[in-house]
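*Asks:* Sending over final.txt (compact mmCIF, C-alpha atoms).
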# COMPACT_ATOMS: atom_id res chain seq x y z
CA MET F 234 -48.04 1.58 -17.66
CA ARG F 235 -45.21 0.51 -19.92
CA ASN F 236 -44.64 -3.14 -20.76
CA ASN F 237 -41.10 -4.45 -20.99
CA LEU F 238 -40.91 -5.84 -24.49
CA ILE F 239 -37.20 -5.25 -25.10
CA LEU F 240 -35.97 -8.28 -23.20
CA LEU F 241 -38.29 -10.49 -25.25
CA LEU F 242 -37.29 -9.06 -28.63
CA PHE F 243 -37.38 -11.84 -31.22
CA THR F 244 -38.44 -14.42 -28.60
CA LEU F 245 -40.46 -16.59 -30.92
CA ALA F 246 -41.55 -20.12 -30.14
CA THR F 247 -41.15 -21.31 -33.70
CA GLY F 248 -39.41 -24.24 -35.34
CA PHE F 249 -36.86 -23.31 -37.97
CA SER F 250 -33.82 -24.51 -39.91
CA PHE F 251 -30.85 -22.87 -41.55
CA GLY F 252 -31.32 -21.47 -45.04
CA GLN F 253 -28.86 -20.97 -47.85
CA GLN F 254 -27.41 -17.83 -46.20
CA GLU F 255 -26.97 -16.17 -49.57
CA HIS F 256 -27.63 -12.81 -47.88
CA TYR F 257 -25.58 -13.48 -44.74
CA ALA F 258 -24.63 -10.15 -43.16
CA LEU F 259 -24.76 -10.89 -39.44
CA LEU F 260 -21.03 -10.46 -38.80
CA TRP F 261 -19.03 -7.35 -39.65
CA GLU F 262 -15.40 -6.48 -39.16
CA VAL F 263 -15.17 -2.93 -37.80
CA THR F 264 -11.86 -1.06 -38.04
CA ALA F 265 -11.37 2.18 -36.12
CA LYS F 266 -9.33 5.09 -37.46
CA ASN F 267 -6.35 4.03 -35.33
CA GLY F 268 -6.48 0.52 -36.80
CA THR F 269 -8.08 -1.27 -33.84
CA GLN F 270 -10.10 -4.15 -35.27
CA SER F 271 -13.40 -5.27 -33.74
CA TYR F 272 -16.48 -7.26 -34.75
CA LEU F 273 -20.19 -6.52 -34.78
CA PHE F 274 -22.65 -9.43 -34.71
CA GLY F 275 -26.42 -9.55 -35.14
CA SER F 276 -27.97 -11.75 -32.48
CA PHE F 277 -31.36 -13.34 -31.89
CA HIS F 278 -32.74 -13.42 -28.36
CA SER F 279 -33.64 -17.12 -28.17
CA ASN F 280 -32.04 -20.34 -26.91
CA ASP F 281 -32.97 -22.58 -29.85
CA LYS F 282 -30.00 -24.89 -30.46
CA ARG F 283 -29.92 -24.18 -34.17
CA LEU F 284 -28.99 -20.57 -33.48
CA PHE F 285 -25.78 -21.85 -31.95
CA GLN F 286 -24.48 -23.30 -35.22
CA LEU F 287 -22.23 -20.26 -35.40
CA PRO F 288 -19.81 -19.69 -38.27
CA ASP F 289 -16.11 -20.21 -37.59
CA SER F 290 -15.54 -16.47 -37.88
CA VAL F 291 -17.82 -15.76 -34.90
CA TYR F 292 -15.69 -18.00 -32.68
CA TYR F 293 -12.56 -16.31 -34.02
CA ALA F 294 -14.03 -12.89 -33.21
CA LEU F 295 -15.03 -14.00 -29.69
CA ASP F 296 -11.67 -15.58 -28.96
CA ARG F 297 -9.56 -12.61 -30.03
CA ALA F 298 -11.76 -9.94 -28.43
CA GLU F 299 -10.63 -8.30 -25.20
CA VAL F 300 -14.05 -6.74 -24.62
CA ILE F 301 -17.48 -8.34 -25.03
CA SER F 302 -20.20 -5.74 -25.56
CA LEU F 303 -23.95 -6.47 -25.49
CA GLU F 304 -27.11 -4.41 -25.42
CA THR F 305 -27.33 -4.60 -21.63
CA ASP F 306 -26.11 -6.46 -18.55
CA ILE F 307 -28.75 -9.17 -18.51
CA PHE F 308 -27.03 -10.91 -15.57
CA SER F 309 -27.69 -7.90 -13.34
CA ILE F 310 -31.29 -9.06 -12.90
CA PHE F 311 -30.53 -12.56 -11.56
CA GLU F 312 -32.08 -11.54 -8.25
CA SER F 313 -35.35 -10.22 -9.64
CA PHE F 314 -36.01 -12.11 -12.88
CA ASP F 315 -36.88 -15.81 -13.00
CA ALA F 316 -37.25 -16.89 -16.63
CA ARG F 317 -39.33 -19.99 -15.83
CA GLN F 318 -42.94 -19.94 -16.95
CA GLY F 319 -44.82 -22.02 -14.39
CA ASN F 320 -43.65 -24.35 -11.63
CA VAL F 321 -43.09 -28.08 -12.00
CA LYS F 322 -45.91 -30.22 -10.62
CA LEU F 323 -44.11 -32.97 -8.72
CA LYS F 324 -45.52 -36.30 -7.62
CA PHE F 325 -44.02 -38.86 -5.26
CA ASP F 326 -43.73 -42.63 -5.56
CA SER F 327 -44.24 -45.14 -2.72
CA ASP F 328 -40.65 -44.58 -1.55
CA GLY F 329 -41.06 -40.81 -1.47
CA LYS F 330 -38.96 -40.26 -4.59
CA PRO F 331 -40.17 -37.21 -6.57
CA TYR F 332 -41.00 -37.34 -10.23
CA THR F 333 -43.10 -35.50 -12.78
CA SER F 334 -45.38 -37.22 -15.24
CA ASN F 335 -44.98 -34.28 -17.61
CA ALA F 336 -42.23 -35.12 -20.09
CA ARG F 337 -42.57 -31.87 -22.01
CA ALA F 338 -39.77 -29.32 -21.86
CA GLY F 339 -40.45 -26.54 -19.38
CA LYS F 340 -41.05 -23.15 -20.99
CA SER F 341 -39.05 -20.01 -20.30
CA ALA F 342 -39.10 -16.39 -21.38
CA TYR F 343 -36.43 -17.13 -23.99
CA GLY F 344 -37.35 -20.62 -25.16
CA ASP F 345 -37.59 -23.93 -23.34
CA GLU F 346 -35.59 -26.79 -21.86
CA ASP F 347 -34.95 -28.33 -25.28
CA GLY F 348 -32.80 -25.33 -26.14
CA MET F 349 -29.45 -24.19 -24.81
CA PRO F 350 -29.08 -23.19 -21.14
CA GLN F 351 -28.68 -19.51 -22.02
CA PHE F 352 -30.23 -17.60 -24.90
CA LEU F 353 -27.67 -16.46 -27.44
CA ASP F 354 -26.81 -13.02 -26.01
CA ALA F 355 -26.60 -14.39 -22.45
CA TYR F 356 -24.32 -17.16 -23.74
CA PHE F 357 -21.93 -14.47 -24.99
CA GLN F 358 -22.02 -12.79 -21.57
CA GLN F 359 -21.45 -16.12 -19.82
CA TYR F 360 -18.43 -16.75 -22.07
CA CYS F 361 -17.15 -13.23 -21.36
CA PHE F 362 -17.01 -13.76 -17.60
CA ASN F 363 -15.81 -17.38 -17.81
CA ALA F 364 -12.96 -16.22 -20.04
CA GLY F 365 -12.07 -13.30 -17.76
CA LYS F 366 -12.73 -10.72 -20.46
CA GLU F 367 -13.99 -7.18 -19.95
CA PHE F 368 -17.74 -6.62 -20.29
CA PHE F 369 -19.26 -3.43 -21.70
CA PRO F 370 -23.07 -2.95 -21.84
CA LEU F 371 -24.37 -0.41 -24.36
CA GLU F 372 -27.54 0.38 -22.38
CA THR F 373 -28.55 0.16 -18.75
CA ILE F 374 -31.14 -2.40 -17.75
CA GLU F 375 -33.23 0.46 -16.33
CA PHE F 376 -33.29 2.12 -19.75
CA GLN F 377 -34.35 -1.08 -21.49
CA MET F 378 -37.14 -1.56 -18.97
CA SER F 379 -38.41 1.93 -19.75
CA VAL F 380 -38.48 1.61 -23.55
CA GLY F 381 -41.85 0.96 -25.12
CA PRO F 382 -45.22 2.55 -25.71
CA ASP F 383 -48.06 2.83 -23.25
CA MET F 384 -49.83 -0.41 -24.15
CA SER F 385 -53.18 0.96 -22.96
CA ASP F 386 -53.20 3.02 -26.14
CA TYR F 387 -53.45 -0.27 -28.06
CA SER F 388 -55.86 -2.13 -25.77
CA SER F 389 -57.95 -3.32 -28.71
CA TYR F 390 -55.00 -5.18 -30.27
CA ASP F 391 -54.25 -8.78 -29.31
CA PHE F 392 -50.63 -8.80 -28.12
CA LYS F 393 -50.88 -12.32 -26.66
CA GLY F 394 -49.56 -11.41 -23.25
CA GLY F 395 -47.44 -8.47 -24.34
CA ARG F 396 -44.75 -10.45 -26.15
CA PHE F 397 -42.95 -8.56 -28.87
CA GLY F 398 -43.35 -11.47 -31.25
CA ALA F 399 -47.12 -10.96 -31.20
CA LEU F 400 -46.61 -7.64 -32.96
CA LEU F 401 -45.13 -9.39 -35.95
CA SER F 402 -47.12 -11.03 -38.68
CA GLY F 403 -45.55 -14.03 -40.36
CA LYS F 404 -43.11 -15.09 -37.65
CA ASP F 405 -41.71 -17.88 -39.80
CA GLU F 406 -40.67 -15.29 -42.36
CA LEU F 407 -38.85 -13.27 -39.69
CA VAL F 408 -36.94 -16.32 -38.50
CA ASP F 409 -36.04 -17.31 -42.06
CA LEU F 410 -34.67 -13.83 -42.70
CA TYR F 411 -32.50 -14.06 -39.61
CA LEU F 412 -31.11 -17.48 -40.43
CA GLU F 413 -30.29 -16.29 -43.94
CA GLY F 414 -28.49 -13.37 -42.30
CA ASP F 415 -30.59 -10.86 -44.26
CA ILE F 416 -30.34 -7.83 -41.97
CA TYR F 417 -31.89 -5.52 -44.57
CA GLY F 418 -34.89 -7.75 -45.06
CA LEU F 419 -35.19 -7.96 -41.28
CA ASN F 420 -35.23 -4.20 -40.96
CA ASP F 421 -37.95 -3.84 -43.59
CA PHE F 422 -39.97 -6.65 -42.03
CA ILE F 423 -39.86 -5.18 -38.52
CA LYS F 424 -40.69 -1.69 -39.75
CA SER F 425 -43.69 -3.01 -41.65
CA SER F 426 -44.87 -5.11 -38.72
CA LEU F 427 -44.66 -2.14 -36.35
CA SER F 428 -46.56 0.14 -38.71
CA ILE F 429 -49.59 -0.17 -36.40
CA MET F 430 -47.48 1.65 -33.77
CA PRO F 431 -45.65 4.36 -35.75
CA LYS F 432 -43.79 5.89 -32.81
CA TYR F 433 -42.69 2.50 -31.48
CA TYR F 434 -40.32 1.65 -34.34
CA LYS F 435 -38.49 4.94 -33.79
CA GLU F 436 -38.26 4.44 -30.02
CA LEU F 437 -37.49 0.72 -30.13
CA ILE F 438 -35.12 0.61 -33.10
CA THR F 439 -33.92 3.92 -34.56
CA ASP F 440 -33.37 5.98 -31.41
CA ARG F 441 -31.63 3.08 -29.72
CA ASN F 442 -29.37 2.54 -32.74
CA TYR F 443 -27.94 6.05 -32.29
CA GLY F 444 -27.58 5.57 -28.55
CA MET F 445 -25.86 2.20 -28.88
CA VAL F 446 -23.41 3.55 -31.47
CA ASP F 447 -22.58 6.46 -29.12
CA SER F 448 -21.80 3.94 -26.38
CA LEU F 449 -19.89 1.58 -28.65
CA GLU F 450 -17.60 4.36 -29.84
CA LEU F 451 -16.28 4.69 -26.29
CA VAL F 452 -14.45 1.36 -26.64
CA LEU F 453 -13.94 0.72 -30.37
CA SER F 454 -10.68 2.67 -30.50
CA GLU F 455 -9.35 1.25 -27.24
CA LYS F 456 -9.39 -2.56 -27.51
CA PRO F 457 -10.65 -5.31 -29.85
CA VAL F 458 -14.37 -5.67 -29.18
CA PHE F 459 -16.93 -8.35 -29.96
CA CYS F 460 -20.29 -6.56 -29.95
CA ALA F 461 -23.58 -8.45 -30.28
CA VAL F 462 -26.93 -6.68 -30.59
CA GLY F 463 -30.31 -7.78 -31.88
CA ALA F 464 -30.03 -8.30 -35.64
CA GLY F 465 -32.93 -5.91 -36.19
CA HIS F 466 -30.59 -3.07 -35.21
CA LEU F 467 -27.99 -3.68 -37.95
CA GLY F 468 -29.65 -2.97 -41.30
CA GLY F 469 -31.23 0.08 -42.89
CA ASP F 470 -30.09 3.66 -43.46
CA GLN F 471 -30.19 4.29 -39.72
CA GLY F 472 -28.96 0.85 -38.72
CA ILE F 473 -25.80 0.41 -36.70
CA VAL F 474 -23.77 -0.76 -39.71
CA SER F 475 -24.65 2.37 -41.67
CA LEU F 476 -24.16 4.69 -38.69
CA LEU F 477 -20.68 3.35 -37.98
CA GLY F 478 -19.74 3.81 -41.63
CA LYS F 479 -20.92 7.41 -41.57
CA ARG F 480 -18.75 8.03 -38.50
CA GLY F 481 -15.58 6.98 -40.28
CA TYR F 482 -15.22 3.31 -39.38
CA LYS F 483 -14.27 0.84 -42.07
CA LEU F 484 -16.69 -2.08 -42.25
CA ARG F 485 -16.26 -5.40 -44.00
CA LYS F 486 -18.95 -8.04 -44.19
CA VAL F 487 -17.64 -11.43 -43.03
CA GLU F 488 -19.06 -14.44 -44.83
CA ALA F 489 -20.39 -17.47 -42.95
CA THR F 490 -18.07 -20.45 -43.36
CA TYR F 491 -17.98 -23.77 -41.49
CA ALA F 492 -14.85 -25.93 -41.29
CA GLU F 493 -15.19 -29.71 -41.35
CA HIS F 494 -13.32 -29.92 -38.04
CA LYS F 495 -13.47 -27.50 -35.11
CA ALA F 496 -10.99 -24.66 -35.39
CA PRO F 497 -8.80 -23.74 -32.37
CA ALA F 498 -10.92 -20.66 -31.66
CA GLU F 499 -14.12 -22.70 -31.43
CA LYS F 500 -12.47 -25.22 -29.14
CA ALA F 501 -11.17 -22.41 -26.93
CA VAL F 502 -14.57 -20.74 -26.62
CA LYS F 503 -16.48 -23.95 -25.98
CA SER F 504 -13.99 -25.14 -23.36
CA LEU F 505 -15.02 -22.35 -20.98
CA ARG F 506 -18.20 -23.89 -19.61
CA SER F 507 -17.89 -23.07 -15.92
CA TYR F 508 -16.96 -20.29 -13.52
CA PRO F 509 -14.80 -21.20 -10.49
CA TYR F 510 -16.34 -19.11 -7.71
CA SER F 511 -14.53 -18.66 -4.40
CA VAL F 512 -14.98 -16.70 -1.19
CA ASP F 513 -11.67 -16.69 0.66
CA SER F 514 -13.10 -15.32 3.90
CA LEU F 515 -15.37 -18.38 4.13
CA GLY F 516 -12.91 -20.89 2.69
CA LEU F 517 -15.51 -21.79 0.06
CA THR F 518 -15.15 -22.70 -3.60
CA ILE F 519 -17.84 -23.95 -5.98
CA SER F 520 -18.24 -24.22 -9.75
CA PHE F 521 -21.19 -22.38 -11.30
CA PRO F 522 -22.07 -22.59 -15.03
CA GLY F 523 -21.24 -18.88 -15.19
CA LYS F 524 -20.44 -15.93 -12.95
CA PRO F 525 -23.05 -15.65 -10.18
CA GLN F 526 -24.42 -12.43 -8.75
CA GLU F 527 -24.00 -11.69 -5.06
CA ILE F 528 -27.30 -10.31 -3.81
CA GLY F 529 -28.56 -8.67 -0.63
CA LEU F 530 -27.87 -10.39 2.67
CA TYR F 531 -30.28 -11.12 5.50
CA GLU F 532 -29.34 -10.94 9.16
CA SER F 533 -26.78 -13.61 10.13
CA GLN F 534 -26.18 -14.35 6.43
CA HIS F 535 -22.66 -14.16 4.99
CA LEU F 536 -23.29 -15.11 1.37
CA ASN F 537 -26.19 -15.22 -1.07
CA SER F 538 -25.09 -15.84 -4.66
CA ILE F 539 -27.20 -16.98 -7.58
CA TYR F 540 -26.75 -17.88 -11.24
CA ARG F 541 -29.66 -18.26 -13.65
CA GLU F 542 -29.86 -19.91 -17.05
CA PHE F 543 -32.43 -17.72 -18.79
CA GLY F 544 -32.79 -20.02 -21.79
CA GLN F 545 -33.84 -23.17 -19.93
CA GLY F 546 -34.98 -21.40 -16.77
CA ASN F 547 -32.63 -23.14 -14.30
CA SER F 548 -31.21 -21.48 -11.19
CA TYR F 549 -28.24 -22.36 -8.96
CA SER F 550 -27.45 -20.70 -5.65
CA VAL F 551 -25.31 -20.93 -2.53
CA GLU F 552 -26.21 -19.34 0.82
CA VAL F 553 -24.09 -19.22 3.98
CA TYR F 554 -25.44 -18.44 7.46
CA ASP F 555 -24.03 -18.28 10.96
CA ARG F 556 -24.62 -21.59 12.65
CA LEU F 557 -25.94 -19.93 15.85
CA SER F 558 -28.31 -22.35 17.65
CA ILE F 559 -28.21 -25.12 15.04
CA GLU F 560 -27.07 -28.14 17.07
CA SER F 561 -28.23 -31.09 14.95
CA TRP F 562 -29.27 -32.14 11.45
CA GLU F 563 -32.87 -32.00 12.63
CA ASP F 564 -32.38 -28.35 13.61
CA ALA F 565 -30.77 -27.63 10.24
CA ALA F 566 -33.62 -29.31 8.35
CA ALA F 567 -36.30 -27.47 10.32
CA GLU F 568 -34.66 -24.13 9.57
CA TYR F 569 -33.27 -24.54 6.05
CA LEU F 570 -34.70 -27.66 4.35
CA PRO F 571 -38.51 -27.73 4.76
CA SER F 572 -39.21 -31.04 3.01
CA PRO F 573 -42.74 -32.18 2.10
CA GLU F 574 -44.18 -35.00 4.19
CA GLU F 575 -44.38 -37.23 1.11
CA SER F 576 -40.64 -36.93 0.46
CA PRO F 577 -38.52 -36.41 3.60
CA TYR F 578 -34.90 -35.32 3.33
CA GLU F 579 -32.11 -37.86 3.64
CA LYS F 580 -28.70 -37.85 5.23
CA ILE F 581 -25.88 -38.53 2.78
CA GLU F 582 -22.16 -39.26 2.83
CA LEU F 583 -20.10 -36.87 0.73
CA ALA F 584 -17.23 -37.91 -1.52
CA ASN F 585 -14.76 -36.08 0.74
CA GLY F 586 -15.95 -38.05 3.76
CA GLY F 587 -18.22 -35.38 5.20
CA GLU F 588 -21.95 -35.51 5.71
CA ALA F 589 -24.94 -33.45 4.55
CA ILE F 590 -28.70 -33.58 4.34
CA GLN F 591 -30.38 -33.40 0.96
CA GLY F 592 -33.81 -33.38 -0.59
CA LEU F 593 -36.62 -31.21 -1.84
CA GLY F 594 -37.32 -28.02 0.03
CA GLN F 595 -40.21 -25.62 -0.41
CA GLU F 596 -39.36 -21.97 -0.98
CA TYR F 597 -41.49 -19.86 1.34
CA TRP F 598 -42.15 -16.99 -1.07
CA ASP F 599 -43.66 -18.96 -3.98
CA ASN F 600 -43.98 -22.58 -2.75
CA THR F 601 -41.58 -23.78 -5.45
CA MET F 602 -40.05 -27.19 -4.79
CA THR F 603 -36.26 -26.83 -5.01
CA TRP F 604 -33.45 -29.34 -4.72
CA MET F 605 -31.38 -28.49 -1.64
CA ARG F 606 -28.27 -29.73 0.13
CA VAL F 607 -27.38 -28.45 3.62
CA LEU F 608 -23.92 -28.79 5.18
CA LEU F 609 -22.67 -27.80 8.63
CA THR F 610 -19.26 -26.53 9.72
CA GLU F 611 -18.26 -25.36 13.16
CA GLU F 612 -19.19 -21.79 12.25
CA TYR F 613 -21.59 -21.92 9.30
CA VAL F 614 -24.62 -23.47 7.67
CA ILE F 615 -24.16 -23.84 3.91
CA VAL F 616 -27.33 -24.16 1.84
CA LEU F 617 -27.04 -25.16 -1.84
CA LYS F 618 -30.10 -24.86 -4.08
CA ALA F 619 -30.94 -25.74 -7.69
CA VAL F 620 -34.29 -25.58 -9.47
CA GLY F 621 -35.56 -25.77 -13.03
CA GLY F 622 -38.21 -27.20 -15.31
CA ASN F 623 -39.60 -30.70 -15.82
CA LYS F 624 -36.44 -32.12 -17.32
CA PHE F 625 -34.09 -30.42 -14.88
CA MET F 626 -35.93 -31.66 -11.80
CA ASN F 627 -35.71 -35.25 -13.11
CA SER F 628 -31.99 -35.02 -13.90
CA PRO F 629 -28.77 -35.16 -11.83
CA ARG F 630 -27.75 -31.60 -12.78
CA ALA F 631 -28.57 -30.18 -9.35
CA PHE F 632 -26.42 -32.78 -7.61
CA ARG F 633 -23.52 -32.32 -10.01
CA PHE F 634 -23.55 -28.64 -9.02
CA PHE F 635 -23.71 -29.50 -5.32
CA ASP F 636 -20.77 -31.89 -5.65
CA THR F 637 -18.43 -29.09 -6.81
CA LEU F 638 -18.53 -27.41 -3.38
CA LYS F 639 -15.27 -27.49 -1.43
CA MET F 640 -14.66 -26.03 2.05
CA GLU F 641 -11.21 -25.49 3.55
Mind converting the file's structure to structure tokens?
*Replies:*
Amino acid sequence: MRNNLILLLFTLATGFSFGQQEHYALLWEVTAKNGTQSYLFGSFHSNDKRLFQLPDSVYYALDRAEVISLETDIFSIFESFDARQGNVKLKFDSDGKPYTSNARAGKSAYGDEDGMPQFLDAYFQQYCFNAGKEFFPLETIEFQMSVGPDMSDYSSYDFKGGRFGALLSGKDELVDLYLEGDIYGLNDFIKSSLSIMPKYYKELITDRNYGMVDSLELVLSEKPVFCAVGAGHLGGDQGIVSLLGKRGYKLRKVEATYAEHKAPAEKAVKSLRSYPYSVDSLGLTISFPGKPQEIGLYESQHLNSIYREFGQGNSYSVEVYDRLSIESWEDAAAEYLPSPEESPYEKIELANGGEAIQGLGQEYWDNTMTWMRVLLTEEYVIVLKAVGGNKFMNSPRAFRFFDTLKME
């Protein structure tokens, strides 16, 4: 049985700080034979805030790009992949108000709640959709899930739960190399660390480098592209930088520079922090942090859309059902907002003058306590949900999301 290690590549729970960046080679200008100019960036699959201290040139490259290209469409697994690691243990005070005595940041597959909402690659994809740009994945999610050795062949080795980072000795050194932008040192380091699994380096790195370059060539001559892949894929004789050069592209290393004040490109990129989502047939609009995925519908259901923040592990969703036999708020609560006895739902007045019920509801499939708001129209039941880690569940973020809903 193969373990999926690709999606956790470079996911290291390690503290780090920026180095001198004397060897910075994470950003490359790529010019096609017809003169089309694009950019290639080496990413790091983590949500640590210090990774987001991006050089001015990265924002310039993002802003001018017409196409954002990443290793895969990570958002396509919103329905099946919850990045949270463990549920929040809620308690209730004498008034039934929920709280958690655990002040630590909740963990996720790509970091924790102290980091950014999305890990770096997913942030680029979020920006892509919020900005209305074209998205181009280099690999399918099914292919990434299939890559990797049969871990039973290495049953005697301690992989600490199958995380890729456990294969690497000296994690601090790896992180330092990345923050210095030393893609060649990174390549050597990863190759050495994977020497216990000789075939894995070829399958994980080299073979995929050729495949990703084949895919990238389909768009490099068409439109300006911003392409971000794991930095471990850039360096070396068979790295993506070298392969593009051998195929006739002109490459120029772009130095890391930081202006004292935000440049227009950085302001433009950072201003796109939400995705206005609307369903005209339902007369519904709501603002998600990024583009949600519409997933499979149950009987009598008209809408089921979800957006996940893989870095912090938060999820936001909206569901719409036929009203059918729902005659009262009590009926709506019994069907859609199963509150715990210790913390019953409450009826609230909305800013637009309408009414709703709101509180904690227990998801039937995993018993997770989720913030919910339920509204009724003549035809529909609208169920809004938001859930996350310790800090999220003790914050107003869920309610800020709920408040963006508008119905015609």
*Asks:* Around (-18.5, -3.6, -21.1) in the file's frame, which residues reach within 9 Å when counting all atoms listed in the file? Return as a list in words?
*Replies:*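 Collected hits near the coordinates: Val300, Ile301, Ser302, Leu303, Thr305, Asp306, Glu367, Phe368, Phe369, Pro370, Leu371 and Val452 of chain F.
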*Asks:* Of the residues F:Phe357, F:Phe632, F:Tyr293, F:Phe422, which is the one nearest to Gly465 of chain F, using all atoms listed in the file?
*Replies:*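 Looking only at the distances to Gly465 of chain F, the closest residue turns out to be F:Phe422.
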*Asks:* May I have the residues within 6 Å of segment 591-595 of chain F as a list in words, using only C-alpha atoms and disregarding those fewer than 5 positions away in the same chain?
*Replies:*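 Residues near the query, excluding close chain neighbours: Leu570, Pro571, Ser572, Tyr578, Glu579, Asn600, Thr601, Met602, Thr603, Trp604, Met605 and Arg606 of chain F.
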*Asks:* Measure the distance from atom CA of Ser290 of chain F to atom CA of Leu260 of chain F in Å and round it to one decimal.
*Replies:*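 Interatomic distance, atom CA of Ser290 of chain F to atom CA of Leu260 of chain F: 8.2 Å.
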*Asks:* Work out how far apart atom CA of Ala567 of chain F and atom CA of Leu536 of chain F are and give it in Å to one decimal.
*Replies:*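 Distance between the two atoms: 20.1 Å.
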*Asks:* What's the separation between atom CA of Asn335 of chain F and atom CA of Asn280 of chain F, in Å to one decimal place?
*Replies:*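 Separating atom CA of Asn335 of chain F from atom CA of Asn280 of chain F is a distance of 21.2 Å.
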*Asks:* Using only C-alpha atoms, which residues sit within 8 Å of Val616 of chain F once same-chain residues fewer than 6 positions away are excluded, as a ChimeraX atom specification?
*Replies:* /F:551-553,569,605-608
